[in-house]
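Report on the following structure.
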Amino acid sequence: MLEQWYFDLSGLILSPVLGSITPLFIPNSRIRPIRLIGLCASLITFLYPPALRIQFDPSTAKSQFVESLRWLPYENINLDLGIDGISLFCVILTTFLIPICILVGWSGMRSYGKEYITASLIRECGMIAVFCILDSILFYVFPESVPIPMFIIIGVWGSRQRKIKAAYQFFLYTLLGSVFMLLAILLILLQTGTTDLQISLTTEFSERRQIFLWIASFAAFAVKVPMVPVHIWLPEAHVEAPTAGSVILAGIPLKLGTYGFLRFSIPMFPEATLCSTPFIYTPSAIAIIYTSSTTLRQIDLKKIIAYSSVAHMNLVTIGMFSPNIQGIGGSILPMSSHGLVSSALFLCVGVLYDRHKTRLVRYYGGSVSTMPNLPTIFFSSTLANMSSPGTSSFIGEFLILVGAFQRNSLVATLAALGMILGAAYSLWLYNRAVSGNLKPDFLHKFSDPNGREVSIFIPFLVGVVWMGVHPKVFPDCMHTSVSNLVQHGKFH
């Protein structure tokens, strides 16, 4: 069985790497072949996960399509790959968003086009590897490699003068937080003699050591979520990043923190997880209320969506630390949904910015009468952002509230209040940006999304509706893995 699937995950990871190397041999003047090579490489990579999903066995919680490569055999460190029901949809979402980002930058990234394609595909390789890795050392290495291409994309192709500061802020926040996790991994290696995650999951750590290791890993993952008060880097990074950078930043890197909790902290340190539940609930509930209220005061379109992302991701942390099947299973659904909804909203803002070169809310209004297609797309994404029934966000957030209520009714009430505030700022954003009177003194040129832009929006809208109307396919694949996680930690 191992030989039959040997090339599946390694091919999935190496495909974008090969695509990133090829453009380096093409002159910068031939930008069209460079773009086509990058797009084809990302589309080929996107074809892998559906094939894996067809052959995926949802009845087992074990990692599937497992591969093992002896990397540092004398230190008992191997390159182990595998996916389960939790990581499968994260891989699918990653491979879905990268072709979108290349298409978004198709006409805008004229300067350094070769470097943009290369950075995008290397970033894809790193993010896919994070969700497939079964070794704790490499689970540290690959998440820390993702900020490097993101740093370059924000710093080179950012839209304003503060882009260098935002790039450094993003990079340093994520790097400094992860230093503590490296220390935790070294302690695990000293006790177990291996960095194999599956062996570490069966190792019994003392309660005191569990608490120390949990705090160390929490410092790394909390920054990536991000949780309050280490969330400051996210609005700045979104505001300064190009549209394609904001799309991928909202889609995947924010999920690395929550995925790290699910893959590392919760199953490996169950006693520390139960002890720290109030410690997680408190900042998460504060973050939901605080960032939702702060969103209503913002004047930049991107900052509004960025702060709403903080609120949504902290709702996810409440669900996964409930911890029960409803909470953990429900938290995985909004992770995928947020990658679609928030990315679609950033694309809407990108369309407006491309035409008017401003993101200040006060300059907009009345576009429903001059750009009828964009307000329709914007409204659909707004409904999903406020978790309306029938959209991708509703089922997951409902399950999170059910799971949280079983643990702490006060936290569940505060989370529900945050959802109400979410509806308020979502409708406020749509009303200010689309409805009202035209402002011809500020905006002079109006044009609906062109064919390329509409083709980019369609997959997002289909995904949002499909997840809302027919969500069964997601719990079917992840239920066994989630149940095993709950039973392993004796949370039930």
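Quick note on naming: the chains in the structure tokens go A, B, ... in the order shown, residues restart at 1 in each chain, and ligands are numbered from 1 in order of appearance.
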
Dump as JSON lines the rows for residues of segment 119-207 of chain A within 12 Å of segment 266-276 of chain A: closest atom pair and distance in Å with one decimal, only C-alpha atoms counted, ordered by chain and rising residue number.
{"residue": "A:Ser136", "atom": "CA", "partner": "A:Met268", "partner_atom": "CA", "distance": 11.3}
{"residue": "A:Ala184", "atom": "CA", "partner": "A:Phe269", "partner_atom": "CA", "distance": 11.8}
{"residue": "A:Ile185", "atom": "CA", "partner": "A:Met268", "partner_atom": "CA", "distance": 11.7}
{"residue": "A:Ile188", "atom": "CA", "partner": "A:Met268", "partner_atom": "CA", "distance": 10.4}
{"residue": "A:Leu197", "atom": "CA", "partner": "A:Met268", "partner_atom": "CA", "distance": 8.8}
{"residue": "A:Gln198", "atom": "CA", "partner": "A:Met268", "partner_atom": "CA", "distance": 9.5}
{"residue": "A:Ile199", "atom": "CA", "partner": "A:Met268", "partner_atom": "CA", "distance": 10.0}
{"residue": "A:Ser200", "atom": "CA", "partner": "A:Met268", "partner_atom": "CA", "distance": 7.0}
{"residue": "A:Leu201", "atom": "CA", "partner": "A:Met268", "partner_atom": "CA", "distance": 5.1}
{"residue": "A:Thr202", "atom": "CA", "partner": "A:Met268", "partner_atom": "CA", "distance": 7.9}
{"residue": "A:Thr203", "atom": "CA", "partner": "A:Met268", "partner_atom": "CA", "distance": 8.0}
{"residue": "A:Glu204", "atom": "CA", "partner": "A:Met268", "partner_atom": "CA", "distance": 8.7}
{"residue": "A:Phe205", "atom": "CA", "partner": "A:Phe269", "partner_atom": "CA", "distance": 7.6}
{"residue": "A:Ser206", "atom": "CA", "partner": "A:Glu271", "partner_atom": "CA", "distance": 9.3}
{"residue": "A:Glu207", "atom": "CA", "partner": "A:Glu271", "partner_atom": "CA", "distance": 6.7}

Legend entry - Shell of 8 Å around Val411 of chain A, only C-alpha atoms, local chain residues under 5 positions omitted, as a list in words: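 Residues near the query, excluding close chain neighbours: Tyr281, Ala285, Ala404 and Phe405 of chain A.
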
Inset, instruction - With a distance cut-off of 12 Å and only C-alpha atoms, select the neighbouring residues of Ala219 of chain A, excluding the residue or stretch itself and same-chain residues fewer than 5 positions from it, and output the selection as number ranges by chain. - result: A: 173-184, 212-214, 224-230, 257, 260-261, 265, 280

Save the residues we just selected, N, CA, C and O atoms, as a compact mmCIF listing (two decimals), in the first residue's frame?
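Result file is result.txt:
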# COMPACT_ATOMS: atom_id res chain seq x y z
N TYR A 173 6.58 39.20 14.29
CA TYR A 173 5.58 38.66 15.20
C TYR A 173 5.53 37.14 15.12
O TYR A 173 5.55 36.44 16.14
N THR A 174 5.43 36.62 13.90
CA THR A 174 5.30 35.17 13.73
C THR A 174 6.60 34.45 14.10
O THR A 174 6.57 33.35 14.66
N LEU A 175 7.75 35.06 13.80
CA LEU A 175 9.02 34.42 14.10
C LEU A 175 9.28 34.35 15.60
O LEU A 175 9.63 33.29 16.14
N LEU A 176 9.09 35.46 16.31
CA LEU A 176 9.39 35.48 17.74
C LEU A 176 8.47 34.55 18.52
O LEU A 176 8.90 33.90 19.48
N GLY A 177 7.20 34.47 18.11
CA GLY A 177 6.29 33.57 18.80
C GLY A 177 6.69 32.12 18.66
O GLY A 177 6.48 31.31 19.57
N SER A 178 7.29 31.76 17.52
CA SER A 178 7.60 30.36 17.25
C SER A 178 8.88 29.89 17.92
O SER A 178 9.15 28.69 17.95
N VAL A 179 9.69 30.80 18.43
CA VAL A 179 10.93 30.39 19.11
C VAL A 179 10.61 29.50 20.30
O VAL A 179 11.31 28.51 20.57
N PHE A 180 9.54 29.80 21.00
CA PHE A 180 9.16 29.00 22.18
C PHE A 180 8.74 27.59 21.76
O PHE A 180 9.00 26.63 22.48
N MET A 181 8.10 27.48 20.61
CA MET A 181 7.70 26.15 20.14
C MET A 181 8.92 25.29 19.81
O MET A 181 8.92 24.08 20.04
N LEU A 182 9.96 25.90 19.26
CA LEU A 182 11.18 25.15 18.97
C LEU A 182 11.77 24.58 20.26
O LEU A 182 12.23 23.43 20.29
N LEU A 183 11.72 25.36 21.33
CA LEU A 183 12.19 24.88 22.62
C LEU A 183 11.36 23.70 23.09
O LEU A 183 11.89 22.71 23.62
N ALA A 184 10.03 23.77 22.89
CA ALA A 184 9.14 22.67 23.28
C ALA A 184 9.46 21.40 22.49
O ALA A 184 9.47 20.30 23.05
N PHE A 212 3.95 23.25 30.65
CA PHE A 212 5.06 24.04 30.09
C PHE A 212 5.08 23.93 28.56
O PHE A 212 5.20 24.94 27.85
N LEU A 213 4.95 22.70 28.05
CA LEU A 213 4.99 22.49 26.60
C LEU A 213 3.77 23.13 25.93
O LEU A 213 3.87 23.66 24.82
N TRP A 214 2.63 23.08 26.60
CA TRP A 214 1.42 23.68 26.03
C TRP A 214 1.58 25.20 25.93
O TRP A 214 1.22 25.80 24.91
N LYS A 224 -0.33 33.29 15.21
CA LYS A 224 -0.77 32.99 13.86
C LYS A 224 -2.28 33.05 13.71
O LYS A 224 -2.79 33.21 12.59
N VAL A 225 -3.05 32.87 14.80
CA VAL A 225 -4.52 32.81 14.68
C VAL A 225 -5.12 34.08 14.06
O VAL A 225 -5.88 33.95 13.08
N PRO A 226 -4.88 35.32 14.52
CA PRO A 226 -4.16 35.74 15.74
C PRO A 226 -5.16 36.03 16.86
O PRO A 226 -6.30 36.39 16.62
N MET A 227 -4.68 35.85 18.10
CA MET A 227 -5.48 36.14 19.27
C MET A 227 -5.08 37.50 19.85
O MET A 227 -3.96 37.95 19.65
N VAL A 228 -6.01 38.14 20.52
CA VAL A 228 -5.72 39.39 21.22
C VAL A 228 -4.82 39.08 22.41
O VAL A 228 -5.07 38.11 23.14
N PRO A 229 -3.74 39.82 22.65
CA PRO A 229 -3.37 41.12 22.08
C PRO A 229 -2.30 41.05 21.00
O PRO A 229 -1.72 42.07 20.67
N VAL A 230 -2.00 39.85 20.46
CA VAL A 230 -0.94 39.72 19.45
C VAL A 230 -1.54 39.71 18.04
O VAL A 230 -1.06 39.00 17.16
N GLY A 257 -2.35 28.57 12.68
CA GLY A 257 -2.43 28.59 14.13
C GLY A 257 -3.48 27.64 14.67
O GLY A 257 -3.21 26.84 15.57
N GLY A 260 -2.45 24.13 14.07
CA GLY A 260 -1.43 23.72 15.03
C GLY A 260 -2.03 23.30 16.36
O GLY A 260 -1.58 22.33 16.98
N PHE A 261 -3.05 24.03 16.82
CA PHE A 261 -3.74 23.62 18.04
C PHE A 261 -4.33 22.22 17.88
O PHE A 261 -4.21 21.37 18.77
N SER A 265 -1.12 20.83 19.99
CA SER A 265 -1.35 21.15 21.41
C SER A 265 -2.46 20.31 22.04
O SER A 265 -2.27 19.73 23.12
N ILE A 280 -8.06 30.22 27.47
CA ILE A 280 -8.37 30.40 26.04
C ILE A 280 -9.70 31.12 25.87
O ILE A 280 -9.83 32.04 25.04

Inset, instruction - Tell me, as a list in words, which residues lie within 8 Å of Cys90 of chain A, counting only C-alpha atoms; anything in the same chain fewer than 2 positions away does not count. - result: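 Answer for this query is Ile86, Ser87, Leu88, Ile92, Leu93, Thr94, Phe131, Ile252 and Ser336 of chain A.
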
Which residues are close to Leu9 of chain A, i.e. within 12 Å by only C-alpha atoms, leaving aside same-chain residues fewer than 3 positions away? Reply as a PDB file with N, CA and C atoms, in the first residue's frame.
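Result file is around09.pdb:
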ATOM      1  N   LEU A   2       1.989   1.192   0.717  1.00  0.00           N
ATOM      2  CA  LEU A   2       2.867   2.351   0.781  1.00  0.00           C
ATOM      3  C   LEU A   2       3.445   2.682  -0.587  1.00  0.00           C
ATOM      4  N   GLN A   4       2.203   1.906  -3.480  1.00  0.00           N
ATOM      5  CA  GLN A   4       1.151   2.307  -4.409  1.00  0.00           C
ATOM      6  C   GLN A   4       0.921   3.815  -4.376  1.00  0.00           C
ATOM      7  N   TRP A   5       1.044   4.416  -3.176  1.00  0.00           N
ATOM      8  CA  TRP A   5       0.751   5.841  -3.035  1.00  0.00           C
ATOM      9  C   TRP A   5       2.005   6.685  -2.849  1.00  0.00           C
ATOM     10  N   TYR A   6       3.180   6.123  -3.162  1.00  0.00           N
ATOM     11  CA  TYR A   6       4.415   6.799  -2.787  1.00  0.00           C
ATOM     12  C   TYR A   6       4.515   8.210  -3.350  1.00  0.00           C
ATOM     13  N   LEU A  12       2.491  16.098  -4.759  1.00  0.00           N
ATOM     14  CA  LEU A  12       1.668  17.265  -4.442  1.00  0.00           C
ATOM     15  C   LEU A  12       2.526  18.413  -3.929  1.00  0.00           C
ATOM     16  N   ILE A  13       3.528  18.117  -3.114  1.00  0.00           N
ATOM     17  CA  ILE A  13       4.399  19.154  -2.552  1.00  0.00           C
ATOM     18  C   ILE A  13       5.419  19.650  -3.576  1.00  0.00           C
ATOM     19  N   LEU A  14       5.941  18.737  -4.391  1.00  0.00           N
ATOM     20  CA  LEU A  14       6.997  19.101  -5.330  1.00  0.00           C
ATOM     21  C   LEU A  14       6.474  19.781  -6.586  1.00  0.00           C
ATOM     22  N   SER A  15       5.218  19.579  -6.913  1.00  0.00           N
ATOM     23  CA  SER A  15       4.668  20.162  -8.143  1.00  0.00           C
ATOM     24  C   SER A  15       4.815  21.687  -8.186  1.00  0.00           C
ATOM     25  N   THR A  45      -1.333  21.188  -9.595  1.00  0.00           N
ATOM     26  CA  THR A  45      -1.334  20.897  -8.154  1.00  0.00           C
ATOM     27  C   THR A  45      -2.759  20.791  -7.621  1.00  0.00           C
ATOM     28  N   TYR A  48      -4.499  17.327  -7.760  1.00  0.00           N
ATOM     29  CA  TYR A  48      -4.109  16.241  -6.846  1.00  0.00           C
ATOM     30  C   TYR A  48      -5.151  15.984  -5.752  1.00  0.00           C
ATOM     31  N   PRO A  49      -5.546  17.006  -4.957  1.00  0.00           N
ATOM     32  CA  PRO A  49      -6.443  16.748  -3.818  1.00  0.00           C
ATOM     33  C   PRO A  49      -7.774  16.081  -4.175  1.00  0.00           C
ATOM     34  N   ALA A  51      -8.292  13.877  -6.387  1.00  0.00           N
ATOM     35  CA  ALA A  51      -7.968  12.457  -6.542  1.00  0.00           C
ATOM     36  C   ALA A  51      -7.744  11.802  -5.180  1.00  0.00           C
ATOM     37  N   LEU A  52      -7.082  12.524  -4.275  1.00  0.00           N
ATOM     38  CA  LEU A  52      -6.893  12.000  -2.925  1.00  0.00           C
ATOM     39  C   LEU A  52      -8.220  11.857  -2.201  1.00  0.00           C
ATOM     40  N   SER A  63      -3.569   8.286   9.631  1.00  0.00           N
ATOM     41  CA  SER A  63      -3.076   9.053   8.492  1.00  0.00           C
ATOM     42  C   SER A  63      -3.023   8.165   7.263  1.00  0.00           C
ATOM     43  N   GLN A  64      -3.411   8.710   6.139  1.00  0.00           N
ATOM     44  CA  GLN A  64      -3.476   7.960   4.898  1.00  0.00           C
ATOM     45  C   GLN A  64      -2.490   8.523   3.880  1.00  0.00           C
ATOM     46  N   PHE A  65      -2.206   7.711   2.837  1.00  0.00           N
ATOM     47  CA  PHE A  65      -1.227   8.066   1.803  1.00  0.00           C
ATOM     48  C   PHE A  65       0.125   8.369   2.449  1.00  0.00           C
ATOM     49  N   VAL A  66       0.499   7.539   3.421  1.00  0.00           N
ATOM     50  CA  VAL A  66       1.682   7.808   4.238  1.00  0.00           C
ATOM     51  C   VAL A  66       2.952   7.544   3.431  1.00  0.00           C
ATOM     52  N   GLU A  67       3.923   8.421   3.563  1.00  0.00           N
ATOM     53  CA  GLU A  67       5.257   8.263   2.982  1.00  0.00           C
ATOM     54  C   GLU A  67       6.282   8.558   4.062  1.00  0.00           C
ATOM     55  N   SER A  68       7.441   7.944   3.936  1.00  0.00           N
ATOM     56  CA  SER A  68       8.505   8.183   4.910  1.00  0.00           C
ATOM     57  C   SER A  68       9.847   8.200   4.189  1.00  0.00           C
ATOM     58  N   LEU A  79      11.389  12.394   7.264  1.00  0.00           N
ATOM     59  CA  LEU A  79      10.397  13.187   6.548  1.00  0.00           C
ATOM     60  C   LEU A  79       9.157  12.321   6.358  1.00  0.00           C
ATOM     61  N   ASP A  80       8.229  12.394   7.298  1.00  0.00           N
ATOM     62  CA  ASP A  80       6.999  11.592   7.257  1.00  0.00           C
ATOM     63  C   ASP A  80       5.843  12.449   6.759  1.00  0.00           C
ATOM     64  N   LEU A  81       5.108  11.923   5.794  1.00  0.00           N
ATOM     65  CA  LEU A  81       3.972  12.623   5.216  1.00  0.00           C
ATOM     66  C   LEU A  81       2.711  11.785   5.370  1.00  0.00           C
ATOM     67  N   GLY A  82       1.564  12.449   5.525  1.00  0.00           N
ATOM     68  CA  GLY A  82       0.277  11.767   5.607  1.00  0.00           C
ATOM     69  C   GLY A  82      -0.817  12.785   5.871  1.00  0.00           C
ATOM     70  N   ILE A  83      -2.033  12.428   5.517  1.00  0.00           N
ATOM     71  CA  ILE A  83      -3.171  13.310   5.780  1.00  0.00           C
ATOM     72  C   ILE A  83      -4.300  12.515   6.410  1.00  0.00           C
ATOM     73  N   LEU A  88      -7.207  17.164   5.285  1.00  0.00           N
ATOM     74  CA  LEU A  88      -7.569  17.008   3.879  1.00  0.00           C
ATOM     75  C   LEU A  88      -8.125  18.288   3.278  1.00  0.00           C
ATOM     76  N   VAL A  91      -5.660  21.139   2.744  1.00  0.00           N
ATOM     77  CA  VAL A  91      -4.864  20.965   1.522  1.00  0.00           C
ATOM     78  C   VAL A  91      -5.674  21.398   0.304  1.00  0.00           C
ATOM     79  N   CYS A 125       3.937  25.492  -1.815  1.00  0.00           N
ATOM     80  CA  CYS A 125       4.660  24.293  -1.381  1.00  0.00           C
ATOM     81  C   CYS A 125       4.764  24.233   0.139  1.00  0.00           C
ATOM     82  N   ILE A 128       1.214  23.545   1.807  1.00  0.00           N
ATOM     83  CA  ILE A 128       0.774  22.155   1.641  1.00  0.00           C
ATOM     84  C   ILE A 128       1.571  21.244   2.564  1.00  0.00           C
ATOM     85  N   ALA A 129       2.884  21.479   2.638  1.00  0.00           N
ATOM     86  CA  ALA A 129       3.735  20.636   3.484  1.00  0.00           C
ATOM     87  C   ALA A 129       3.313  20.701   4.946  1.00  0.00           C
ATOM     88  N   VAL A 130       2.889  21.884   5.413  1.00  0.00           N
ATOM     89  CA  VAL A 130       2.452  22.020   6.807  1.00  0.00           C
ATOM     90  C   VAL A 130       1.328  21.035   7.115  1.00  0.00           C
ATOM     91  N   PHE A 131       0.376  20.904   6.189  1.00  0.00           N
ATOM     92  CA  PHE A 131      -0.796  20.068   6.436  1.00  0.00           C
ATOM     93  C   PHE A 131      -0.535  18.578   6.188  1.00  0.00           C
ATOM     94  N   CYS A 132       0.620  18.249   5.622  1.00  0.00           N
ATOM     95  CA  CYS A 132       0.940  16.847   5.346  1.00  0.00           C
ATOM     96  C   CYS A 132       2.025  16.285   6.265  1.00  0.00           C
ATOM     97  N   ILE A 133       2.763  17.151   6.943  1.00  0.00           N
ATOM     98  CA  ILE A 133       3.924  16.720   7.728  1.00  0.00           C
ATOM     99  C   ILE A 133       3.487  15.979   8.987  1.00  0.00           C
TER     100      ILE A 133
END

Inset, instruction - Give me the residues within 10 Å of segment 101-117 of chain A as a PyMOL selection string, counting only C-alpha atoms and dropping any in the same chain fewer than 6 places off. - result: chain A and resi 19-39+42+123+149+152-153+156-157+242-248+343+347+350-351+354+452-453+455-456

Legend entry - Distance criterion (only C-alpha atoms): nearest to Val486 of chain A out of A:Ile318, A:Ala119, A:Ala216, A:Ile325: A:Ile325

Legend entry - Selection near Gly339 of chain A, 12 Å with only C-alpha atoms, sequence-local residues under 4 positions removed, as a PyMOL selection string: chain A and resi 89-98+246-256+309+312-313+332-335+343-346+381+384-385+392-393+460+463-464

Emit the selected residues as a short mmCIF file (atom, residue, chain, number, x, y, z; two decimals), in the first residue's frame, including N, CA and C atoms.
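Here's the written file selection-v9.cif:
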data_model
loop_
_atom_site.label_atom_id
_atom_site.label_comp_id
_atom_site.auth_asym_id
_atom_site.auth_seq_id
_atom_site.Cartn_x
_atom_site.Cartn_y
_atom_site.Cartn_z
N PHE A 89 -9.08 18.91 3.96
CA PHE A 89 -9.74 20.08 3.38
C PHE A 89 -8.84 21.33 3.45
N CYS A 90 -7.88 21.34 4.38
CA CYS A 90 -6.90 22.43 4.40
C CYS A 90 -6.02 22.36 3.16
N VAL A 91 -5.66 21.14 2.74
CA VAL A 91 -4.86 20.97 1.52
C VAL A 91 -5.67 21.40 0.30
N ILE A 92 -6.94 21.00 0.25
CA ILE A 92 -7.79 21.37 -0.89
C ILE A 92 -7.93 22.89 -0.98
N LEU A 93 -8.16 23.55 0.17
CA LEU A 93 -8.32 25.00 0.17
C LEU A 93 -7.04 25.69 -0.31
N THR A 94 -5.88 25.18 0.10
CA THR A 94 -4.61 25.77 -0.33
C THR A 94 -4.44 25.70 -1.83
N THR A 95 -4.65 24.52 -2.39
CA THR A 95 -4.47 24.35 -3.83
C THR A 95 -5.53 25.09 -4.63
N PHE A 96 -6.66 25.39 -4.02
CA PHE A 96 -7.72 26.15 -4.70
C PHE A 96 -7.36 27.64 -4.78
N LEU A 97 -6.75 28.18 -3.73
CA LEU A 97 -6.53 29.62 -3.65
C LEU A 97 -5.33 30.10 -4.46
N ILE A 98 -4.30 29.27 -4.64
CA ILE A 98 -3.10 29.74 -5.33
C ILE A 98 -3.38 30.08 -6.80
N SER A 246 -3.60 39.62 0.21
CA SER A 246 -4.66 39.59 1.21
C SER A 246 -5.51 38.34 1.07
N VAL A 247 -5.76 37.92 -0.18
CA VAL A 247 -6.57 36.72 -0.41
C VAL A 247 -5.92 35.50 0.20
N ILE A 248 -4.63 35.30 -0.06
CA ILE A 248 -3.97 34.11 0.47
C ILE A 248 -3.72 34.23 1.96
N LEU A 249 -3.44 35.45 2.46
CA LEU A 249 -3.22 35.65 3.89
C LEU A 249 -4.48 35.31 4.69
N ALA A 250 -5.64 35.73 4.18
CA ALA A 250 -6.90 35.40 4.85
C ALA A 250 -7.24 33.92 4.69
N GLY A 251 -6.83 33.34 3.55
CA GLY A 251 -7.24 31.98 3.26
C GLY A 251 -6.50 30.91 4.02
N ILE A 252 -5.16 31.02 4.11
CA ILE A 252 -4.37 29.91 4.64
C ILE A 252 -3.53 30.26 5.87
N PRO A 253 -2.62 31.26 5.84
CA PRO A 253 -1.73 31.46 7.01
C PRO A 253 -2.45 31.61 8.34
N LEU A 254 -3.66 32.21 8.34
CA LEU A 254 -4.40 32.32 9.60
C LEU A 254 -4.83 30.95 10.12
N LYS A 255 -4.95 29.97 9.21
CA LYS A 255 -5.37 28.63 9.62
C LYS A 255 -4.22 27.82 10.20
N LEU A 256 -2.98 28.28 9.99
CA LEU A 256 -1.84 27.53 10.52
C LEU A 256 -1.87 27.49 12.04
N SER A 309 -11.93 39.20 10.41
CA SER A 309 -11.23 37.91 10.38
C SER A 309 -10.74 37.52 11.76
N HIS A 312 -13.73 36.13 13.64
CA HIS A 312 -14.12 34.80 13.18
C HIS A 312 -13.14 33.73 13.66
N MET A 313 -11.84 34.01 13.59
CA MET A 313 -10.86 33.01 13.98
C MET A 313 -10.84 32.79 15.49
N ILE A 332 -13.66 23.29 12.51
CA ILE A 332 -12.97 23.02 11.24
C ILE A 332 -13.76 23.57 10.07
N LEU A 333 -15.08 23.52 10.14
CA LEU A 333 -15.91 24.04 9.04
C LEU A 333 -15.71 25.54 8.82
N PRO A 334 -15.74 26.39 9.86
CA PRO A 334 -15.48 27.82 9.63
C PRO A 334 -14.06 28.11 9.16
N MET A 335 -13.10 27.25 9.46
CA MET A 335 -11.77 27.44 8.92
C MET A 335 -11.79 27.41 7.40
N SER A 343 -11.73 35.79 1.63
CA SER A 343 -11.00 36.00 0.38
C SER A 343 -11.88 36.67 -0.67
N ALA A 344 -13.16 36.26 -0.74
CA ALA A 344 -14.08 36.88 -1.70
C ALA A 344 -14.30 38.36 -1.37
N LEU A 345 -14.39 38.69 -0.09
CA LEU A 345 -14.56 40.10 0.29
C LEU A 345 -13.33 40.93 -0.08
N PHE A 346 -12.15 40.38 0.13
CA PHE A 346 -10.94 41.10 -0.27
C PHE A 346 -10.87 41.28 -1.78
N SER A 381 -21.32 37.63 -0.59
CA SER A 381 -20.20 37.43 0.35
C SER A 381 -20.52 38.01 1.72
N ALA A 384 -22.66 35.59 3.67
CA ALA A 384 -21.85 34.50 4.21
C ALA A 384 -21.01 34.98 5.40
N ASN A 385 -20.51 36.22 5.34
CA ASN A 385 -19.69 36.76 6.42
C ASN A 385 -20.48 36.93 7.71
N SER A 392 -21.97 29.08 3.80
CA SER A 392 -20.96 28.15 4.32
C SER A 392 -20.64 28.35 5.79
N SER A 393 -20.83 29.54 6.32
CA SER A 393 -20.42 29.83 7.70
C SER A 393 -21.44 29.37 8.74
N PHE A 460 -15.80 30.96 -5.78
CA PHE A 460 -16.06 31.33 -4.39
C PHE A 460 -17.56 31.25 -4.08
N GLY A 463 -18.69 27.64 -3.97
CA GLY A 463 -18.24 26.99 -2.74
C GLY A 463 -19.03 27.42 -1.53
N VAL A 464 -19.34 28.71 -1.43
CA VAL A 464 -20.10 29.22 -0.28
C VAL A 464 -21.50 28.61 -0.24
#

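Distance annotation: of A:Ile77, A:Ala237, A:Ile289, A:Val349, the residue with the minimal separation from Ile137 of chain A is A:Ile77; atom set is only C-alpha atoms.
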
Legend entry - For atom CA of Gln161 of chain A and atom CA of Pro235 of chain A, the interatomic separation in Å (one decimal):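 Value for the atom CA of Gln161 of chain A-atom CA of Pro235 of chain A distance: 15.2 Å.
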
Inset, instruction - Mind listing the strand (DSSP E) residues of segment 59-189 of chain A, per DSSP on the backbone, as a list in words? - result: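 Selection result, strand (DSSP E) within segment 59-189 of chain A: Gln64, Phe65, Val66, Glu67, Ser68, Leu69, Arg70, Trp71, Leu72, Ile77, Asn78, Leu79, Asp80, Leu81, Gly82 and Ile83 of chain A.
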
Go ahead and write the selection's residues with N, CA and C atoms as a CSV table (one decimal), in the first residue's frame.
chain,number,residue,atom,x,y,z
A,64,GLN,N,-3.4,8.7,6.1
A,64,GLN,CA,-3.5,8.0,4.9
A,64,GLN,C,-2.5,8.5,3.9
A,65,PHE,N,-2.2,7.7,2.8
A,65,PHE,CA,-1.2,8.1,1.8
A,65,PHE,C,0.1,8.4,2.4
A,66,VAL,N,0.5,7.5,3.4
A,66,VAL,CA,1.7,7.8,4.2
A,66,VAL,C,3.0,7.5,3.4
A,67,GLU,N,3.9,8.4,3.6
A,67,GLU,CA,5.3,8.3,3.0
A,67,GLU,C,6.3,8.6,4.1
A,68,SER,N,7.4,7.9,3.9
A,68,SER,CA,8.5,8.2,4.9
A,68,SER,C,9.8,8.2,4.2
A,69,LEU,N,10.6,9.3,4.4
A,69,LEU,CA,11.9,9.4,3.8
A,69,LEU,C,12.9,9.6,5.0
A,70,ARG,N,14.0,8.8,5.0
A,70,ARG,CA,15.0,9.0,6.0
A,70,ARG,C,15.8,10.3,5.8
A,71,TRP,N,15.6,11.2,6.7
A,71,TRP,CA,16.2,12.6,6.5
A,71,TRP,C,17.5,12.7,7.4
A,72,LEU,N,17.3,12.6,8.7
A,72,LEU,CA,18.5,12.5,9.6
A,72,LEU,C,18.4,11.3,10.4
A,77,ILE,N,15.2,11.4,12.9
A,77,ILE,CA,14.3,12.5,12.3
A,77,ILE,C,14.0,12.1,10.9
A,78,ASN,N,12.8,11.8,10.5
A,78,ASN,CA,12.4,11.4,9.2
A,78,ASN,C,11.4,12.4,8.6
A,79,LEU,N,11.4,12.4,7.3
A,79,LEU,CA,10.4,13.2,6.5
A,79,LEU,C,9.2,12.3,6.4
A,80,ASP,N,8.2,12.4,7.3
A,80,ASP,CA,7.0,11.6,7.3
A,80,ASP,C,5.8,12.4,6.8
A,81,LEU,N,5.1,11.9,5.8
A,81,LEU,CA,4.0,12.6,5.2
A,81,LEU,C,2.7,11.8,5.4
A,82,GLY,N,1.6,12.4,5.5
A,82,GLY,CA,0.3,11.8,5.6
A,82,GLY,C,-0.8,12.8,5.9
A,83,ILE,N,-2.0,12.4,5.5
A,83,ILE,CA,-3.2,13.3,5.8
A,83,ILE,C,-4.3,12.5,6.4

Legend entry - Pairwise distance for atom CA of Leu399 of chain A and atom CA of Gln210 of chain A, rounded to one decimal in Å: 28.4 Å
